[in-house]
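Asker: PDB, C-alpha atoms, file my_file-v5.pdb:
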ATOM      1  CA  MET A 197     110.701 132.772 175.501
ATOM      2  CA  VAL A 198     114.080 134.437 174.898
ATOM      3  CA  LYS A 199     116.768 132.850 177.068
ATOM      4  CA  PHE A 200     119.679 135.154 177.662
ATOM      5  CA  ASP A 201     122.856 133.513 178.994
ATOM      6  CA  GLU A 202     124.610 134.282 182.299
ATOM      7  CA  LYS A 203     126.046 137.447 180.698
ATOM      8  CA  GLY A 204     122.599 138.564 179.522
ATOM      9  CA  LEU A 205     123.378 137.756 175.893
ATOM     10  CA  ILE A 206     121.942 135.616 173.122
ATOM     11  CA  ALA A 207     123.686 134.548 169.907
ATOM     12  CA  ALA A 208     122.190 136.128 166.788
ATOM     13  CA  ILE A 209     122.825 134.974 163.231
ATOM     14  CA  ALA A 210     122.229 137.442 160.408
ATOM     15  CA  GLN A 211     121.183 135.957 157.090
ATOM     16  CA  ASP A 212     120.615 137.791 153.819
ATOM     17  CA  ALA A 213     116.833 137.653 153.320
ATOM     18  CA  ASN A 214     117.250 137.641 149.551
ATOM     19  CA  THR A 215     120.229 135.396 148.808
ATOM     20  CA  GLY A 216     120.149 133.175 151.903
ATOM     21  CA  GLU A 217     123.810 133.896 152.543
ATOM     22  CA  VAL A 218     124.821 133.741 156.204
ATOM     23  CA  LEU A 219     126.418 137.103 156.894
ATOM     24  CA  MET A 220     127.652 137.174 160.495
ATOM     25  CA  LEU A 221     127.166 135.930 164.018
ATOM     26  CA  GLY A 222     126.782 138.516 166.744
ATOM     27  CA  TYR A 223     125.390 138.725 170.250
ATOM     28  CA  MET A 224     122.394 140.688 171.496
ATOM     29  CA  ASN A 225     121.236 141.723 174.926
ATOM     30  CA  GLU A 226     117.649 142.602 175.698
ATOM     31  CA  GLU A 227     118.174 146.262 174.859
ATOM     32  CA  SER A 228     119.669 145.494 171.439
ATOM     33  CA  LEU A 229     116.703 143.269 170.692
ATOM     34  CA  ARG A 230     114.320 146.063 171.744
ATOM     35  CA  ARG A 231     116.125 148.582 169.543
ATOM     36  CA  THR A 232     116.124 146.135 166.635
ATOM     37  CA  PHE A 233     112.340 145.901 166.844
ATOM     38  CA  ALA A 234     111.963 149.649 167.392
ATOM     39  CA  THR A 235     114.180 150.750 164.489
ATOM     40  CA  GLY A 236     113.882 147.858 162.042
ATOM     41  CA  GLN A 237     117.684 147.742 161.883
ATOM     42  CA  ALA A 238     119.981 145.252 163.612
ATOM     43  CA  TRP A 239     121.538 146.216 166.918
ATOM     44  CA  PHE A 240     124.019 143.928 168.649
ATOM     45  CA  TYR A 241     126.047 144.025 171.833
ATOM     46  CA  SER A 242     129.783 144.245 171.285
ATOM     47  CA  ARG A 243     131.463 141.874 173.733
ATOM     48  CA  SER A 244     134.896 143.423 173.118
ATOM     49  CA  ARG A 245     133.745 147.024 173.523
ATOM     50  CA  GLN A 246     131.094 146.059 176.085
ATOM     51  CA  GLN A 247     128.491 148.344 174.606
ATOM     52  CA  LEU A 248     125.478 148.416 172.347
ATOM     53  CA  TRP A 249     126.446 148.273 168.725
ATOM     54  CA  HIS A 250     124.257 149.662 165.978
ATOM     55  CA  LYS A 251     125.479 147.600 163.034
ATOM     56  CA  GLY A 252     126.409 149.988 160.202
ATOM     57  CA  GLU A 253     126.727 153.102 162.355
ATOM     58  CA  THR A 254     130.289 153.704 161.108
ATOM     59  CA  SER A 255     130.235 151.880 157.741
ATOM     60  CA  GLY A 256     126.723 152.748 156.612
ATOM     61  CA  SER A 257     126.111 149.041 156.045
ATOM     62  CA  TYR A 258     122.986 148.753 158.146
ATOM     63  CA  LEU A 259     121.071 145.499 158.295
ATOM     64  CA  ILE A 260     117.405 146.149 157.572
ATOM     65  CA  VAL A 261     115.580 143.445 159.480
ATOM     66  CA  ARG A 262     112.701 141.682 157.718
ATOM     67  CA  SER A 263     111.964 139.118 160.426
ATOM     68  CA  VAL A 264     113.308 137.703 163.647
ATOM     69  CA  LEU A 265     113.198 133.979 164.352
ATOM     70  CA  ILE A 266     114.041 132.175 167.561
ATOM     71  CA  ASP A 267     115.122 128.573 167.857
ATOM     72  CA  CYS A 268     113.334 125.691 169.559
ATOM     73  CA  ASP A 269     115.027 126.135 172.926
ATOM     74  CA  GLY A 270     115.026 129.928 172.885
ATOM     75  CA  ASP A 271     118.763 130.493 173.019
ATOM     76  CA  ALA A 272     119.599 131.547 169.469
ATOM     77  CA  ILE A 273     118.170 134.153 167.130
ATOM     78  CA  LEU A 274     118.078 134.336 163.347
ATOM     79  CA  LEU A 275     117.676 137.735 161.710
ATOM     80  CA  LEU A 276     116.521 137.765 158.107
ATOM     81  CA  ALA A 277     117.849 141.033 156.792
ATOM     82  CA  ASP A 278     118.675 143.178 153.801
ATOM     83  CA  PRO A 279     122.294 144.316 154.117
ATOM     84  CA  GLN A 280     122.880 147.862 152.901
ATOM     85  CA  GLY A 281     126.496 147.096 152.026
ATOM     86  CA  PRO A 282     129.324 144.688 152.886
ATOM     87  CA  VAL A 283     128.692 143.244 156.341
ATOM     88  CA  CYS A 284     132.295 142.380 157.163
ATOM     89  CA  HIS A 285     134.817 144.974 158.349
ATOM     90  CA  THR A 286     137.235 143.480 155.763
ATOM     91  CA  GLY A 287     134.943 144.711 152.996
ATOM     92  CA  ASN A 288     133.625 141.234 152.242
ATOM     93  CA  LYS A 289     129.916 140.749 151.767
ATOM     94  CA  THR A 290     129.897 138.140 154.548
ATOM     95  CA  CYS A 291     132.159 137.492 157.539
ATOM     96  CA  PHE A 292     132.253 133.804 156.511
ATOM     97  CA  PHE A 293     134.588 134.080 153.536
ATOM     98  CA  GLN A 294     137.377 131.732 154.676
ATOM     99  CA  GLU A 295     137.290 127.972 154.371
ATOM    100  CA  LEU A 296     138.603 126.002 157.331
ATOM    101  CA  LYS A 297     140.518 122.831 156.497
ATOM    102  CA  LYS A 298     141.529 119.867 158.592
ATOM    103  CA  GLU A 299     145.155 121.058 158.360
ATOM    104  CA  ASP A 300     144.259 124.377 160.020
ATOM    105  CA  LEU A 301     143.592 122.682 163.360
TER
ATOM    106  CA  MET B 124     143.010 130.560 163.426
ATOM    107  CA  VAL B 125     140.150 128.989 165.415
ATOM    108  CA  LYS B 126     139.474 130.940 168.597
ATOM    109  CA  PHE B 127     137.776 128.851 171.248
ATOM    110  CA  ASP B 128     136.207 130.767 174.122
ATOM    111  CA  GLU B 129     137.090 130.482 177.821
ATOM    112  CA  LYS B 130     135.102 127.231 177.955
ATOM    113  CA  GLY B 131     136.969 125.814 174.951
ATOM    114  CA  LEU B 132     133.953 126.226 172.674
ATOM    115  CA  ILE B 133     133.126 127.966 169.408
ATOM    116  CA  ALA B 134     129.647 128.717 168.051
ATOM    117  CA  ALA B 135     128.786 126.717 164.931
ATOM    118  CA  ILE B 136     125.909 127.469 162.570
ATOM    119  CA  ALA B 137     124.613 124.651 160.375
ATOM    120  CA  GLN B 138     123.156 125.693 157.036
ATOM    121  CA  ASP B 139     121.516 123.453 154.450
ATOM    122  CA  ALA B 140     124.015 123.366 151.583
ATOM    123  CA  ASN B 141     121.220 122.962 149.051
ATOM    124  CA  THR B 142     118.399 125.221 150.197
ATOM    125  CA  GLY B 143     120.408 127.795 152.160
ATOM    126  CA  GLU B 144     118.107 127.328 155.149
ATOM    127  CA  VAL B 145     119.735 127.951 158.520
ATOM    128  CA  LEU B 146     119.132 124.759 160.494
ATOM    129  CA  MET B 147     120.583 125.183 163.979
ATOM    130  CA  LEU B 148     123.227 126.808 166.121
ATOM    131  CA  GLY B 149     125.430 124.537 168.205
ATOM    132  CA  TYR B 150     128.781 124.683 169.920
ATOM    133  CA  MET B 151     131.933 122.754 169.108
ATOM    134  CA  ASN B 152     135.105 122.080 171.024
ATOM    135  CA  GLU B 153     138.365 121.133 169.322
ATOM    136  CA  GLU B 154     137.573 117.429 169.478
ATOM    137  CA  SER B 155     134.172 117.850 167.840
ATOM    138  CA  LEU B 156     135.802 119.848 165.055
ATOM    139  CA  ARG B 157     138.406 117.086 164.589
ATOM    140  CA  ARG B 158     135.715 114.423 164.446
ATOM    141  CA  THR B 159     133.679 116.489 162.007
ATOM    142  CA  PHE B 160     136.655 116.594 159.645
ATOM    143  CA  ALA B 161     137.469 112.922 160.247
ATOM    144  CA  THR B 162     133.946 111.582 159.661
ATOM    145  CA  GLY B 163     132.411 114.144 157.302
ATOM    146  CA  GLN B 164     129.457 114.415 159.699
ATOM    147  CA  ALA B 165     128.764 117.182 162.189
ATOM    148  CA  TRP B 166     129.816 116.689 165.792
ATOM    149  CA  PHE B 167     128.991 119.272 168.437
ATOM    150  CA  TYR B 168     129.568 119.646 172.137
ATOM    151  CA  SER B 169     126.418 119.529 174.236
ATOM    152  CA  ARG B 170     126.656 122.251 176.881
ATOM    153  CA  SER B 171     123.731 120.796 178.865
ATOM    154  CA  ARG B 172     125.033 117.218 178.840
ATOM    155  CA  GLN B 173     128.675 118.357 178.885
ATOM    156  CA  GLN B 174     129.764 115.806 176.333
ATOM    157  CA  LEU B 175     130.531 115.320 172.681
ATOM    158  CA  TRP B 176     127.409 115.078 170.610
ATOM    159  CA  HIS B 177     127.304 113.295 167.285
ATOM    160  CA  LYS B 178     124.358 115.031 165.662
ATOM    161  CA  GLY B 179     121.901 112.397 164.468
ATOM    162  CA  GLU B 180     123.225 109.568 166.633
ATOM    163  CA  THR B 181     119.773 108.980 168.111
ATOM    164  CA  SER B 182     117.484 110.380 165.370
ATOM    165  CA  GLY B 183     119.437 109.233 162.322
ATOM    166  CA  SER B 184     119.345 112.827 161.063
ATOM    167  CA  TYR B 185     123.062 113.198 160.522
ATOM    168  CA  LEU B 186     124.460 116.366 158.991
ATOM    169  CA  ILE B 187     126.763 115.463 156.123
ATOM    170  CA  VAL B 188     129.270 118.299 156.013
ATOM    171  CA  ARG B 189     130.189 119.717 152.616
ATOM    172  CA  SER B 190     132.412 122.529 153.816
ATOM    173  CA  VAL B 191     133.463 124.379 156.933
ATOM    174  CA  LEU B 192     133.841 128.156 156.939
ATOM    175  CA  ILE B 193     135.252 130.358 159.656
ATOM    176  CA  ASP B 194     134.465 134.001 160.179
ATOM    177  CA  CYS B 195     136.805 136.984 159.918
ATOM    178  CA  ASP B 196     137.782 137.013 163.601
ATOM    179  CA  GLY B 197     137.904 133.248 164.012
ATOM    180  CA  ASP B 198     135.218 132.888 166.638
ATOM    181  CA  ALA B 199     132.297 131.456 164.673
ATOM    182  CA  ILE B 200     131.939 128.531 162.306
ATOM    183  CA  LEU B 201     129.529 127.899 159.449
ATOM    184  CA  LEU B 202     128.901 124.313 158.381
ATOM    185  CA  LEU B 203     127.407 123.818 154.943
ATOM    186  CA  ALA B 204     125.692 120.479 155.230
ATOM    187  CA  ASP B 205     123.193 118.033 153.797
ATOM    188  CA  PRO B 206     120.735 117.096 156.545
ATOM    189  CA  GLN B 207     119.656 113.451 156.436
ATOM    190  CA  GLY B 208     116.336 114.278 158.094
ATOM    191  CA  PRO B 209     114.667 116.897 160.306
ATOM    192  CA  VAL B 210     117.348 118.709 162.286
ATOM    193  CA  CYS B 211     115.148 119.830 165.183
ATOM    194  CA  HIS B 212     114.156 117.516 168.017
ATOM    195  CA  THR B 213     110.570 118.789 167.522
ATOM    196  CA  GLY B 214     110.532 117.160 164.095
ATOM    197  CA  ASN B 215     110.861 120.452 162.259
ATOM    198  CA  LYS B 216     113.327 120.713 159.397
ATOM    199  CA  THR B 217     115.044 123.613 161.147
ATOM    200  CA  CYS B 218     115.275 124.708 164.781
ATOM    201  CA  PHE B 219     114.353 128.255 163.658
ATOM    202  CA  PHE B 220     110.666 127.737 163.008
ATOM    203  CA  GLN B 221     109.201 130.316 165.422
ATOM    204  CA  GLU B 222     108.914 134.009 164.703
ATOM    205  CA  LEU B 223     109.779 136.372 167.526
ATOM    206  CA  LYS B 224     107.664 139.499 167.778
ATOM    207  CA  LYS B 225     108.139 142.743 169.663
ATOM    208  CA  GLU B 226     105.320 141.701 172.017
ATOM    209  CA  ASP B 227     107.237 138.577 173.071
ATOM    210  CA  LEU B 228     109.866 140.621 174.903
TER
END
In structure tokens, what does this structure look like?

Answerer:
Amino acid sequence: MVKFDEKGLIAAIAQDANTGEVLMLGYMNEESLRRTFATGQAWFYSRSRQQLWHKGETSGSYLIVRSVLIDCDGDAILLLADPQGPVCHTGNKTCFFQELKKEDL
Amino acid sequence: MVKFDEKGLIAAIAQDANTGEVLMLGYMNEESLRRTFATGQAWFYSRSRQQLWHKGETSGSYLIVRSVLIDCDGDAILLLADPQGPVCHTGNKTCFFQELKKEDL
């Protein structure tokens, strides 16, 4: 049902369960998905650090997961979550705080 | 500003601009991003068919793009869009209509 890619990862969107705001896009491996279910908090896999990443472990901004959805073809996940603080490392509530314009290409 | 991966792609989330519902996750290359800006409708890159994909070209369910956001590290896009019909090929409004449970792993 869950289709991990050739690197063993699946894209995971985190959305604020209350406001509907899209907060971030991360990647999960099977172990991060297992830990997410076990702890009720979002765990990702950091592609740059190549290790499991418990979101909020340094900032305290954990994502409390209310439900996990999977898309029609099983290769993307949507986490509905309550963020315990700003999700972005810049201090913004969401990582999607910049508008992209035609001129930026 | 836009960081395409080693395959020249970037993950792109489509969100309903009105309801906040997350509709789908697709991938875009530079050309699909250019066409999205040029036409005001979402264009993706189909990884299975390995070609540009004008969302809605067969179903009529185009995604009219209101704004394009990019995340803090430039490797994910969020399209705020007005869907002209069901986004999912199953006929569902969103591709994220199935809940994933611990037991499914």

Asker: What's around Val198 (chain A) at 8 Å? Count all atoms listed in the file, leave out sequence neighbours fewer than 4 positions away in its own chain, and write the answer as an MDAnalysis selection string.

Answerer: (chainID A and resid 266 270:271) or (chainID B and resid 228)

Asker: Have a look at B:Ser184, B:Ser190, B:Gln221, B:Thr142 and name the one nearest to Leu203 (chain B); count all atoms listed in the file.

Answerer: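 Going through B:Ser184, B:Ser190, B:Gln221, B:Thr142 one by one, the smallest distance to Leu203 (chain B) is for B:Ser190.
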
Asker: Between B:Glu129, B:Leu202, B:Cys195, B:Gly149, which residue has the minimum interatomic distance to Lys289 (chain A), considering only C-alpha atoms?

Answerer: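 The shortest atom-to-atom distance to Lys289 (chain A) comes from B:Cys195.
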
Asker: Report as a Markdown table: every residue of chain B with an atom at most 8 Å from chain A, its closest pair of atoms, and their distance in Å to one decimal, counting only C-alpha atoms, with rows sorted by chain and ascending residue number.

Answerer:
| residue | atom | partner | partner_atom | distance |
| --- | --- | --- | --- | --- |
| B:Met124 | CA | A:Asp300 | CA | 7.2 |
| B:Val125 | CA | A:Leu301 | CA | 7.5 |
| B:Gly143 | CA | A:Gly216 | CA | 5.4 |
| B:Glu144 | CA | A:Gly216 | CA | 7.0 |
| B:Met147 | CA | A:Asp267 | CA | 7.5 |
| B:Leu148 | CA | A:Ala272 | CA | 6.8 |
| B:Arg157 | CA | A:Lys298 | CA | 7.3 |
| B:Phe160 | CA | A:Lys298 | CA | 6.0 |
| B:Ser190 | CA | A:Glu295 | CA | 7.3 |
| B:Val191 | CA | A:Leu296 | CA | 5.4 |
| B:Leu192 | CA | A:Glu295 | CA | 4.3 |
| B:Ile193 | CA | A:Phe292 | CA | 5.5 |
| B:Asp194 | CA | A:Phe292 | CA | 4.3 |
| B:Cys195 | CA | A:Cys291 | CA | 5.2 |
| B:Ala199 | CA | A:Leu221 | CA | 6.8 |
| B:Ile200 | CA | A:Phe292 | CA | 7.8 |
| B:Leu201 | CA | A:Phe292 | CA | 7.1 |
| B:Cys211 | CA | A:Cys268 | CA | 7.5 |
| B:Thr213 | CA | A:Cys268 | CA | 7.7 |
| B:Cys218 | CA | A:Asp267 | CA | 4.9 |
| B:Phe219 | CA | A:Asp267 | CA | 4.3 |
| B:Phe220 | CA | A:Asp267 | CA | 6.6 |
| B:Gln221 | CA | A:Leu265 | CA | 5.5 |
| B:Glu222 | CA | A:Leu265 | CA | 4.3 |
| B:Leu223 | CA | A:Leu265 | CA | 5.2 |
| B:Lys224 | CA | A:Val264 | CA | 7.2 |
| B:Lys225 | CA | A:Phe233 | CA | 6.0 |
| B:Asp227 | CA | A:Met197 | CA | 7.2 |
| B:Leu228 | CA | A:Val198 | CA | 7.5 |

Asker: By how many Å are CA of Ala165 (chain B) and CA of Asp128 (chain B) apart?

Answerer: 19.6 Å
